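Trainee: So I've got this file, upload.cif, and it contains mmCIF, C-alpha atoms and all ligand atoms:
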data_target
#
loop_
_atom_site.label_atom_id
_atom_site.label_comp_id
_atom_site.auth_asym_id
_atom_site.auth_seq_id
_atom_site.Cartn_x
_atom_site.Cartn_y
_atom_site.Cartn_z
CA MET A 1 99.89 115.34 -59.98
CA PRO A 2 102.56 117.04 -57.87
CA GLU A 3 105.61 118.31 -59.70
CA THR A 4 108.28 115.87 -60.92
CA SER A 5 111.77 116.81 -62.14
CA GLU A 6 110.71 115.99 -65.70
CA LEU A 7 107.70 118.32 -65.44
CA ARG A 8 109.89 121.03 -63.89
CA GLN A 9 112.34 120.89 -66.77
CA ARG A 10 109.58 120.82 -69.39
CA GLN A 11 107.90 123.87 -67.83
CA ALA A 12 111.20 125.80 -67.69
CA GLU A 13 111.94 125.07 -71.35
CA PHE A 14 108.40 125.99 -72.39
CA ALA A 15 108.51 129.29 -70.45
CA LYS A 16 111.76 130.19 -72.19
CA GLU A 17 110.27 129.45 -75.59
CA LEU A 18 107.10 131.43 -74.81
CA HIS A 19 108.50 134.51 -73.08
CA GLY A 20 112.11 134.59 -74.26
CA ASP A 21 114.93 135.77 -72.00
CA ASN A 22 113.99 139.41 -71.72
CA VAL A 23 111.82 140.10 -68.66
CA THR A 24 112.36 143.86 -68.63
CA LYS A 25 109.22 144.43 -70.69
CA SER A 26 105.88 144.36 -68.94
CA GLY A 27 102.20 144.96 -69.63
CA PHE A 28 101.09 145.47 -73.20
CA SER A 29 104.52 145.51 -74.83
CA ALA A 30 105.31 142.16 -73.18
CA LEU A 31 101.92 140.80 -74.25
CA VAL A 32 102.53 141.31 -77.93
CA SER A 33 106.08 139.97 -77.94
CA LYS A 34 105.39 136.31 -77.13
CA ASN A 35 106.30 133.35 -79.30
CA LYS A 36 102.95 132.95 -81.05
CA SER A 37 102.79 129.16 -81.39
CA ALA A 38 103.89 128.65 -77.76
CA GLN A 39 101.24 131.15 -76.64
CA THR A 40 98.54 129.26 -78.55
CA GLU A 41 99.68 126.05 -76.82
CA ALA A 42 99.69 127.72 -73.38
CA VAL A 43 96.16 129.07 -73.85
CA ALA A 44 94.94 125.64 -75.01
CA LYS A 45 96.56 123.95 -71.97
CA TYR A 46 94.93 126.44 -69.62
CA LEU A 47 91.45 126.33 -71.19
CA LYS A 48 91.50 122.55 -71.74
CA HIS A 49 89.80 121.82 -68.42
CA TRP A 50 87.31 124.67 -68.38
CA ASP A 51 84.67 123.48 -70.83
CA GLY A 52 81.65 124.53 -68.78
CA LYS A 53 81.43 121.16 -66.98
CA THR A 54 81.13 121.05 -63.21
CA ASP A 55 80.40 117.32 -62.78
CA GLU A 56 82.60 115.13 -60.57
CA ASP A 57 84.65 113.79 -63.45
CA ALA A 58 85.48 117.26 -64.83
CA GLU A 59 86.42 118.43 -61.34
CA ARG A 60 88.61 115.39 -60.73
CA ARG A 61 90.55 116.08 -63.95
CA ARG A 62 91.06 119.74 -63.00
CA LEU A 63 92.27 118.74 -59.54
CA GLU A 64 94.68 116.15 -60.93
CA ASP A 65 96.15 118.61 -63.46
CA TYR A 66 96.36 121.53 -60.97
CA ASN A 67 100.08 122.15 -61.50
CA GLU A 68 100.15 122.30 -65.29
CA SER A 69 96.86 124.15 -65.66
CA THR A 70 97.87 126.81 -63.11
CA HIS A 71 101.32 127.08 -64.63
CA SER A 72 99.71 127.63 -68.05
CA TYR A 73 97.19 130.08 -66.62
CA TYR A 74 99.94 132.32 -65.21
CA ASN A 75 101.96 131.96 -68.40
CA VAL A 76 99.13 133.67 -70.26
CA VAL A 77 97.77 136.13 -67.68
CA THR A 78 100.85 137.54 -65.93
CA ASP A 79 101.30 140.39 -68.42
CA PHE A 80 97.56 141.19 -68.30
CA TYR A 81 97.72 141.31 -64.49
CA GLU A 82 100.72 143.63 -64.49
CA TYR A 83 99.10 145.83 -67.13
CA GLY A 84 95.75 146.09 -65.30
CA TRP A 85 96.61 145.80 -61.63
CA GLY A 86 100.34 146.24 -60.92
CA SER A 87 102.87 143.82 -59.47
CA SER A 88 100.87 142.69 -56.42
CA PHE A 89 98.27 140.24 -57.63
CA HIS A 90 95.70 140.53 -54.86
CA PHE A 91 92.68 142.46 -53.61
CA SER A 92 92.59 144.75 -50.58
CA ARG A 93 90.17 146.81 -48.52
CA PHE A 94 89.73 150.39 -49.69
CA PHE A 95 89.18 153.48 -47.59
CA LYS A 96 87.99 156.93 -48.70
CA GLY A 97 90.85 159.14 -49.81
CA GLU A 98 93.33 156.26 -49.95
CA SER A 99 95.03 155.56 -53.27
CA PHE A 100 94.90 152.12 -54.87
CA ASN A 101 98.64 151.54 -54.29
CA ALA A 102 98.40 152.64 -50.66
CA SER A 103 95.57 150.19 -50.00
CA VAL A 104 97.49 147.33 -51.63
CA ALA A 105 100.56 148.12 -49.47
CA ARG A 106 98.46 148.46 -46.29
CA HIS A 107 96.96 145.01 -46.90
CA GLU A 108 100.47 143.54 -47.18
CA HIS A 109 101.76 145.40 -44.11
CA TYR A 110 98.78 144.13 -42.14
CA LEU A 111 99.51 140.50 -42.97
CA ALA A 112 103.19 140.96 -42.05
CA TYR A 113 102.08 142.47 -38.75
CA ARG A 114 99.63 139.63 -38.03
CA ALA A 115 102.29 137.05 -38.89
CA GLY A 116 104.61 138.82 -36.41
CA ILE A 117 107.41 139.12 -38.94
CA GLU A 118 110.55 140.71 -37.49
CA LYS A 119 113.87 141.98 -38.79
CA ASN A 120 116.17 139.13 -39.88
CA ASP A 121 113.40 136.49 -39.77
CA LEU A 122 113.59 133.95 -42.57
CA VAL A 123 110.16 134.01 -44.17
CA LEU A 124 108.51 131.92 -46.88
CA ASP A 125 106.07 133.55 -49.33
CA VAL A 126 103.94 130.72 -50.73
CA GLY A 127 102.82 131.45 -54.32
CA CYS A 128 104.74 134.72 -54.56
CA GLY A 129 103.64 136.07 -57.97
CA VAL A 130 106.16 138.55 -59.39
CA GLY A 131 107.20 139.49 -55.85
CA GLY A 132 105.18 142.68 -55.25
CA PRO A 133 104.15 141.71 -51.67
CA ALA A 134 107.61 140.31 -50.85
CA ARG A 135 109.28 143.59 -51.83
CA THR A 136 106.87 145.58 -49.66
CA ILE A 137 107.20 143.25 -46.66
CA ALA A 138 110.99 143.08 -46.92
CA ARG A 139 111.18 146.88 -46.83
CA PHE A 140 108.59 147.15 -44.06
CA THR A 141 110.13 144.61 -41.69
CA GLY A 142 113.78 144.11 -42.69
CA CYS A 143 113.21 140.35 -42.95
CA ASN A 144 114.59 137.92 -45.53
CA ILE A 145 112.08 136.24 -47.81
CA ILE A 146 112.17 133.25 -50.11
CA GLY A 147 109.33 133.36 -52.63
CA LEU A 148 108.05 130.00 -53.85
CA ASN A 149 106.26 129.77 -57.18
CA ASN A 150 105.64 127.12 -59.83
CA ASN A 151 105.65 129.68 -62.66
CA ASP A 152 109.10 130.18 -64.22
CA TYR A 153 108.26 133.49 -65.91
CA GLN A 154 107.04 135.06 -62.66
CA ILE A 155 110.16 133.86 -60.82
CA GLN A 156 112.39 135.43 -63.45
CA LYS A 157 110.46 138.69 -63.17
CA ALA A 158 110.49 138.64 -59.36
CA ASN A 159 114.28 138.17 -59.29
CA TYR A 160 114.71 140.94 -61.86
CA TYR A 161 112.56 143.42 -59.84
CA ALA A 162 114.36 142.52 -56.58
CA LYS A 163 117.72 143.32 -58.19
CA ARG A 164 116.37 146.48 -59.82
CA ASP A 165 115.13 147.69 -56.40
CA LYS A 166 118.35 146.66 -54.62
CA LEU A 167 116.49 144.15 -52.47
CA ASP A 168 118.28 141.08 -53.76
CA SER A 169 120.23 140.61 -50.52
CA GLN A 170 116.88 140.12 -48.72
CA LEU A 171 114.88 138.38 -51.41
CA SER A 172 115.16 135.29 -53.56
CA PHE A 173 112.55 133.53 -55.65
CA VAL A 174 112.60 129.82 -56.40
CA LYS A 175 110.71 127.33 -58.49
CA GLY A 176 108.62 124.70 -56.75
CA ASP A 177 105.21 123.18 -56.20
CA PHE A 178 103.69 124.19 -52.88
CA MET A 179 102.12 120.72 -52.61
CA LYS A 180 105.59 119.16 -52.49
CA MET A 181 108.18 121.68 -51.32
CA ASP A 182 111.93 121.13 -51.59
CA PHE A 183 112.68 122.81 -48.22
CA GLU A 184 113.85 120.90 -45.15
CA ASP A 185 111.51 120.47 -42.17
CA ASN A 186 111.50 123.39 -39.67
CA SER A 187 113.25 125.87 -42.02
CA PHE A 188 111.28 129.13 -41.68
CA ASP A 189 110.53 131.53 -38.80
CA LYS A 190 107.29 132.69 -40.46
CA VAL A 191 105.26 131.76 -43.54
CA TYR A 192 102.65 133.83 -45.35
CA ALA A 193 100.50 133.32 -48.44
CA ILE A 194 98.41 135.87 -50.30
CA GLU A 195 95.57 134.64 -52.53
CA ALA A 196 97.65 131.72 -53.79
CA THR A 197 96.88 128.55 -51.83
CA CYS A 198 93.38 128.43 -53.40
CA HIS A 199 95.18 126.98 -56.45
CA ALA A 200 95.92 123.82 -54.44
CA PRO A 201 93.86 120.71 -55.13
CA THR A 202 93.40 120.33 -51.36
CA PHE A 203 94.00 122.76 -48.49
CA GLU A 204 95.30 119.89 -46.40
CA GLY A 205 98.06 119.21 -48.93
CA VAL A 206 99.41 122.75 -49.06
CA TYR A 207 98.85 123.61 -45.38
CA GLY A 208 100.53 120.31 -44.42
CA GLU A 209 103.64 121.33 -46.35
CA ILE A 210 103.61 124.80 -44.77
CA TYR A 211 103.36 123.22 -41.32
CA ARG A 212 106.29 120.91 -42.10
CA VAL A 213 108.67 123.69 -43.24
CA LEU A 214 107.72 126.13 -40.47
CA LYS A 215 109.83 126.08 -37.28
CA PRO A 216 108.06 124.98 -34.08
CA GLY A 217 106.56 128.11 -32.50
CA GLY A 218 106.45 129.83 -35.93
CA THR A 219 103.42 131.60 -37.38
CA PHE A 220 101.57 131.15 -40.65
CA ALA A 221 99.28 133.98 -41.85
CA VAL A 222 97.19 133.75 -44.99
CA TYR A 223 94.61 135.64 -47.05
CA GLU A 224 92.57 132.75 -48.42
CA TRP A 225 90.08 132.65 -51.31
CA VAL A 226 87.03 130.69 -50.17
CA MET A 227 83.29 130.51 -50.63
CA THR A 228 81.56 131.85 -47.52
CA GLU A 229 79.03 130.11 -45.28
CA ASN A 230 76.26 131.59 -47.47
CA TYR A 231 77.41 129.48 -50.42
CA ASP A 232 75.29 126.47 -51.37
CA GLU A 233 77.03 124.14 -53.83
CA THR A 234 73.65 122.70 -54.91
CA ASN A 235 72.28 126.13 -55.87
CA PRO A 236 72.91 126.54 -59.66
CA GLU A 237 73.28 130.33 -59.41
CA HIS A 238 75.90 129.96 -56.64
CA ARG A 239 77.75 127.22 -58.54
CA LYS A 240 77.81 129.41 -61.69
CA ILE A 241 79.51 132.21 -59.72
CA ALA A 242 82.07 129.78 -58.26
CA TYR A 243 82.68 128.35 -61.73
CA GLU A 244 83.30 131.80 -63.24
CA ILE A 245 85.90 132.40 -60.54
CA GLU A 246 87.50 128.99 -61.16
CA LEU A 247 87.62 129.48 -64.93
CA GLY A 248 88.85 133.05 -64.99
CA ASP A 249 91.38 132.61 -62.20
CA GLY A 250 92.80 129.17 -63.04
CA ILE A 251 91.54 127.54 -59.83
CA PRO A 252 90.74 123.81 -59.96
CA LYS A 253 88.00 124.05 -57.33
CA MET A 254 86.68 126.78 -55.05
CA TYR A 255 86.14 125.30 -51.59
CA PRO A 256 83.99 126.50 -48.69
CA VAL A 257 85.58 128.33 -45.75
CA SER A 258 85.04 125.27 -43.52
CA ALA A 259 87.41 123.23 -45.73
CA ALA A 260 90.27 125.69 -45.09
CA ARG A 261 89.56 125.98 -41.35
CA ASP A 262 89.30 122.20 -40.91
CA ALA A 263 92.49 121.62 -42.89
CA LEU A 264 94.48 123.97 -40.62
CA ASP A 265 93.31 122.02 -37.57
CA LYS A 266 93.89 118.69 -39.20
CA VAL A 267 97.53 119.32 -40.13
CA GLY A 268 98.27 120.41 -36.55
CA PHE A 269 98.07 124.22 -36.43
CA GLU A 270 96.72 126.17 -33.45
CA VAL A 271 94.47 128.73 -35.14
CA SER A 272 94.28 132.07 -33.32
CA GLU A 273 92.35 134.06 -35.94
CA SER A 274 89.68 133.22 -38.54
CA LEU A 275 88.30 136.48 -39.85
CA ASP A 276 86.65 137.40 -43.14
CA LEU A 277 88.03 140.90 -43.79
CA THR A 278 85.20 141.60 -46.27
CA ASP A 279 82.63 141.20 -43.51
CA ASN A 280 82.38 144.90 -42.67
CA ASP A 281 80.56 148.14 -43.53
CA ASP A 282 83.28 149.59 -45.75
CA GLU A 283 81.88 152.33 -48.01
CA ILE A 284 84.11 151.10 -50.81
CA PRO A 285 83.93 147.32 -51.29
CA TRP A 286 87.01 145.21 -52.08
CA TYR A 287 85.69 144.54 -55.60
CA ALA A 288 85.34 148.28 -56.39
CA PRO A 289 88.00 148.32 -59.13
CA LEU A 290 86.14 145.57 -61.02
CA SER A 291 82.68 147.02 -60.48
CA GLY A 292 82.99 149.86 -62.99
CA GLU A 293 81.36 152.31 -60.56
CA TRP A 294 83.22 155.57 -60.95
CA ARG A 295 82.01 156.89 -57.59
CA TYR A 296 84.59 154.60 -56.01
CA VAL A 297 87.55 156.35 -57.65
CA ASN A 298 89.52 158.00 -54.85
CA SER A 299 92.18 159.99 -56.63
CA VAL A 300 93.23 161.24 -60.05
CA ALA A 301 96.27 158.97 -59.79
CA ASP A 302 93.93 155.95 -59.69
CA LEU A 303 91.99 156.85 -62.82
CA ALA A 304 94.20 154.84 -65.16
CA THR A 305 94.10 151.70 -62.97
CA PHE A 306 90.38 152.07 -62.43
CA PHE A 307 89.75 152.48 -66.14
CA ARG A 308 91.78 149.39 -67.06
CA THR A 309 90.06 147.18 -64.47
CA SER A 310 86.51 148.57 -64.92
CA ARG A 311 83.93 146.97 -67.21
CA VAL A 312 84.41 149.67 -69.89
CA GLY A 313 88.19 149.36 -69.69
CA ARG A 314 88.05 145.57 -69.86
CA THR A 315 85.74 145.73 -72.90
CA PHE A 316 88.21 148.14 -74.49
CA THR A 317 91.15 145.80 -73.74
CA THR A 318 89.27 142.76 -75.11
CA ALA A 319 88.38 144.68 -78.30
CA MET A 320 91.97 145.85 -78.73
CA VAL A 321 93.38 142.35 -78.12
CA THR A 322 90.85 140.87 -80.58
CA VAL A 323 91.94 143.32 -83.28
CA PHE A 324 95.62 142.70 -82.51
CA GLU A 325 95.00 138.96 -82.73
CA LYS A 326 93.20 139.32 -86.10
CA LEU A 327 96.10 141.41 -87.42
CA GLY A 328 98.56 138.74 -86.23
CA LEU A 329 100.19 141.17 -83.76
CA ALA A 330 98.94 139.29 -80.69
CA PRO A 331 99.16 135.49 -80.56
CA ALA A 332 96.13 133.31 -81.27
CA GLY A 333 94.11 132.69 -78.12
CA SER A 334 94.84 136.08 -76.53
CA ALA A 335 91.22 137.18 -76.90
CA SER A 336 89.88 133.98 -75.28
CA VAL A 337 92.08 134.80 -72.29
CA THR A 338 90.62 138.29 -71.96
CA HIS A 339 87.12 136.72 -72.22
CA ALA A 340 87.94 134.31 -69.38
CA LEU A 341 89.30 137.20 -67.29
CA GLU A 342 86.08 139.07 -67.99
CA GLU A 343 84.04 136.09 -66.71
CA ALA A 344 86.21 136.05 -63.59
CA ALA A 345 85.53 139.74 -62.96
CA VAL A 346 81.76 139.17 -63.33
CA GLY A 347 81.89 136.17 -60.97
CA LEU A 348 84.06 138.00 -58.43
CA VAL A 349 81.77 141.04 -58.31
CA ALA A 350 78.63 138.86 -58.07
CA GLY A 351 80.30 136.72 -55.38
CA GLY A 352 81.24 139.87 -53.47
CA GLU A 353 77.85 141.56 -53.80
CA LYS A 354 75.98 138.43 -52.70
CA LYS A 355 78.54 137.72 -49.97
CA LEU A 356 79.14 134.23 -51.34
CA PHE A 357 82.88 134.66 -51.83
CA THR A 358 85.80 136.33 -50.07
CA PRO A 359 89.38 136.81 -51.31
CA MET A 360 90.60 137.76 -47.83
CA MET A 361 89.69 135.15 -45.31
CA LEU A 362 92.42 135.86 -42.77
CA PHE A 363 93.78 132.91 -40.83
CA VAL A 364 96.61 133.26 -38.34
CA ALA A 365 97.95 129.94 -37.11
CA ARG A 366 100.87 128.75 -35.00
CA LYS A 367 102.88 125.56 -35.17
CA PRO A 368 103.08 124.33 -31.59
CA GLU A 369 106.48 124.03 -29.89
CA GLN A 370 107.62 120.42 -29.96
CA LYS A 371 106.86 118.46 -26.83
C1 LIG B 401 96.90 135.32 -57.49
S1 LIG B 401 98.61 134.98 -57.57
C2 LIG B 401 99.14 135.78 -56.07
C3 LIG B 401 100.58 136.12 -56.12
C4 LIG B 401 101.15 136.88 -54.92
N1 LIG B 401 100.87 136.20 -53.68
C5 LIG B 401 100.63 138.29 -54.90
O1 LIG B 401 99.76 138.57 -54.06
O2 LIG B 401 101.07 139.09 -55.72
C6 LIG B 401 98.78 133.24 -57.17
C7 LIG B 401 100.21 132.72 -57.22
O3 LIG B 401 100.26 131.35 -56.79
C8 LIG B 401 101.22 130.66 -57.59
N2 LIG B 401 100.92 129.21 -57.58
C9 LIG B 401 99.80 128.60 -58.02
N3 LIG B 401 99.90 127.27 -57.90
C10 LIG B 401 101.12 127.01 -57.35
C11 LIG B 401 101.80 125.82 -56.97
N4 LIG B 401 101.26 124.61 -57.15
N5 LIG B 401 103.01 125.95 -56.39
C12 LIG B 401 103.60 127.16 -56.22
N6 LIG B 401 103.00 128.33 -56.59
C13 LIG B 401 101.77 128.26 -57.14
C14 LIG B 401 101.02 131.28 -58.95
O4 LIG B 401 102.06 131.00 -59.85
C15 LIG B 401 100.88 132.75 -58.59
O5 LIG B 401 102.14 133.33 -58.47
#
Written as structure tokens, that's how I'd like the structure from this file.
Ligand SMILES: C[S@@+](CC[C@H](N)C(=O)[O-])C[C@H]1O[C@@H](n2cnc3c(N)ncnc32)[C@H](O)[C@@H]1O

Mentor:
Amino acid sequence: MPETSELRQRQAEFAKELHGDNVTKSGFSALVSKNKSAQTEAVAKYLKHWDGKTDEDAERRRLEDYNESTHSYYNVVTDFYEYGWGSSFHFSRFFKGESFNASVARHEHYLAYRAGIEKNDLVLDVGCGVGGPARTIARFTGCNIIGLNNNDYQIQKANYYAKRDKLDSQLSFVKGDFMKMDFEDNSFDKVYAIEATCHAPTFEGVYGEIYRVLKPGGTFAVYEWVMTENYDETNPEHRKIAYEIELGDGIPKMYPVSAARDALDKVGFEVSESLDLTDNDDEIPWYAPLSGEWRYVNSVADLATFFRTSRVGRTFTTAMVTVFEKLGLAPAGSASVTHALEEAAVGLVAGGEKKLFTPMMLFVARKPEQK
């Protein structure tokens, strides 16, 4: 169901109860300072739909509840993401000698470049996380960005970081469901989305809204999560990998690349680029940080990030969270979240190795000038 005002209010109140008012903490110290009963409820709401079932009925329920289940997912994983990965919640290509943070920033700069974002443009970031990419792109281009997100906690954090970094005159972050946006038609010069629109129940729904709010002649650029042309939904091994990604990343349904491409055409875009950025001979694959292969570590500065995201580091985090939960220091359900994140990592690496999945299907599309 798309968001209603009643759901919006309920989610805001729940986020306040769960996270409190203080968003200055992050990572592990934020993780252990949640309201414990609210955290248990959030974990239950997130895991409710992922019971191992992939039949039509189970999928229909996940698709119908996309807003609440994704909202709950990010309520429970945001601190883990910031602890393990940083404040940009996406993958990137890696090159020899390049630090993790440099590769994340390059990936964001590249999308801004492909979207043609210019100084003073008004830009929409669809599914903006805690605003890591928006801060980079605002600095890089001098544009103004509105970040749209249905997670109240992330919005609060994004606004806090923008102010902290003195970017609040360029950036603002607002609550909303990307399937039913509050913006007027033809509002934005450019729109981008990074690894977010895969949370939509249909690509047509979210791309249709993006098309509506984009000005005629404006550009939309996206890094999309899709299953590649090698994926066969009827192959149980393939479906297991897609399911692990759905479960561990709070995605109602992973769709094939053709679904995204067709949806762009259908809502009216002129697509100028459809390119899987993982389809290359890179020595270091995009999933390197999750693979646990130490040969991929590029610099001493990356050791801590690599450790936290590697298999050994994840096992360590899960063990620590389990102990904290047993001692009553971490809320009930925290360990099941780290288990789900572990399944996601396994599915993502398998999907990457077998070339069944990409987190960076680049589409660049233009809304035609009105006739
Ligand atoms: C993987 S994160 C990516 C965040 C950000 N683009 C980045 O790269 O750091 C996906 C984001 O999509 C947002 N999201 C998911 N479903 C949404 C919806 N229905 N409406 C608005 N935002 C949504 C999540 O809250 C989260 O911030």

Trainee: Mind pulling up the distance from atom CA of Glu353 of chain A to atom CA of Leu47 of chain A?

Mentor: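 These two atoms are separated by 26.8 Å.
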
Trainee: Find the spatial neighbours of Ser88 of chain A, counting only C-alpha atoms, within a cut-off of 8 Å - ignore same-chain residues fewer than 3 positions away - and output them as JSON, numbers by chain.

Mentor: {"A": [85, 104, 129, 130, 131, 132, 133]}

Trainee: Using all atoms listed in the file, which of A:Asp276, A:Asp65, A:Glu56, A:Asp189 sits nearest Gly116 of chain A?

Mentor: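 Comparing A:Asp276, A:Asp65, A:Glu56, A:Asp189 against Gly116 of chain A, the winner is A:Asp189.
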
Trainee: Could you name the residues that touch Leu341 of chain A at 12 Å or less, counting all atoms listed in the file, but leaving out those on the same chain fewer than 2 positions away, as an NGL selection string?

Mentor: :A and (47 or 73-74 or 76-78 or 80-81 or 84 or 244-250 or 290 or 309-311 or 314-315 or 317-318 or 334-339 or 343-348)

Trainee: Using only C-alpha atoms, find all polymer residues with an atom at most 12 Å away from the point (99.9, 128.1, -78.1); report them as number ranges by chain.

Mentor: A: 14-15, 17-19, 34-48, 72-73, 75-76, 330-334, 336-337

Trainee: Excluding same-chain residues fewer than 2 positions from Phe220 of chain A, what lies within 9 Å of it counting only C-alpha atoms, as a PyMOL selection string?

Mentor: chain A and resi 115+190-193+210-211+214+218+222+269+363-367

Trainee: Pick out the residues sitting within 12 Å of segment 59-61 of chain A, and hand them over as a ChimeraX atom specification; count all atoms listed in the file, and ignore anything fewer than 4 positions along from it in its own chain.

Mentor: /A:1,48-55,65-69,201-202,243,246-247,251-255

Trainee: For Ala102 of chain A, please output as a list in words all residues within 12 Å (counting all atoms listed in the file; exclusion window: fewer than 2 positions along the same chain).

Mentor: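 These residues fall inside the cut-off: Ser88, Ser92, Arg93, Phe94, Phe95, Lys96, Gly97, Glu98, Ser99, Phe100, Val104, Ala105, Arg106, His107, Glu108, His109, Thr136, Asn298, Ser299, Ala301 and Asp302 of chain A.
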
Trainee: Taking into account only C-alpha atoms and all ligand atoms, which residue in the set A:Asp265, A:Asp177, A:Glu369, A:Asp168 is nearest to ligand LIG 401 (chain B)?

Mentor: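 Once distances to ligand LIG 401 (chain B) are computed over only C-alpha atoms and all ligand atoms, the minimum belongs to A:Asp177.
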
Trainee: Grab the atom CA of Ile146 of chain A to atom CA of Val271 of chain A distance for me, in Å with one decimal place.

Mentor: 23.6 Å

Trainee: Given all atoms listed in the file as the basis, pick out the residue of A:Asp57, A:Glu224, A:Glu204, A:Asp282 nearest to Phe357 of chain A.

Mentor: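 Among the listed residues, A:Glu224 lies closest to Phe357 of chain A.
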
Trainee: Identify which of the residues A:Tyr153, A:Tyr161, A:Phe91, A:Phe178 lies closest to ligand LIG 401 (chain B), counting all atoms listed in the file when measuring atom-to-atom distances.

Mentor: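 With all atoms listed in the file as the atom set, the closest residue is A:Phe178.
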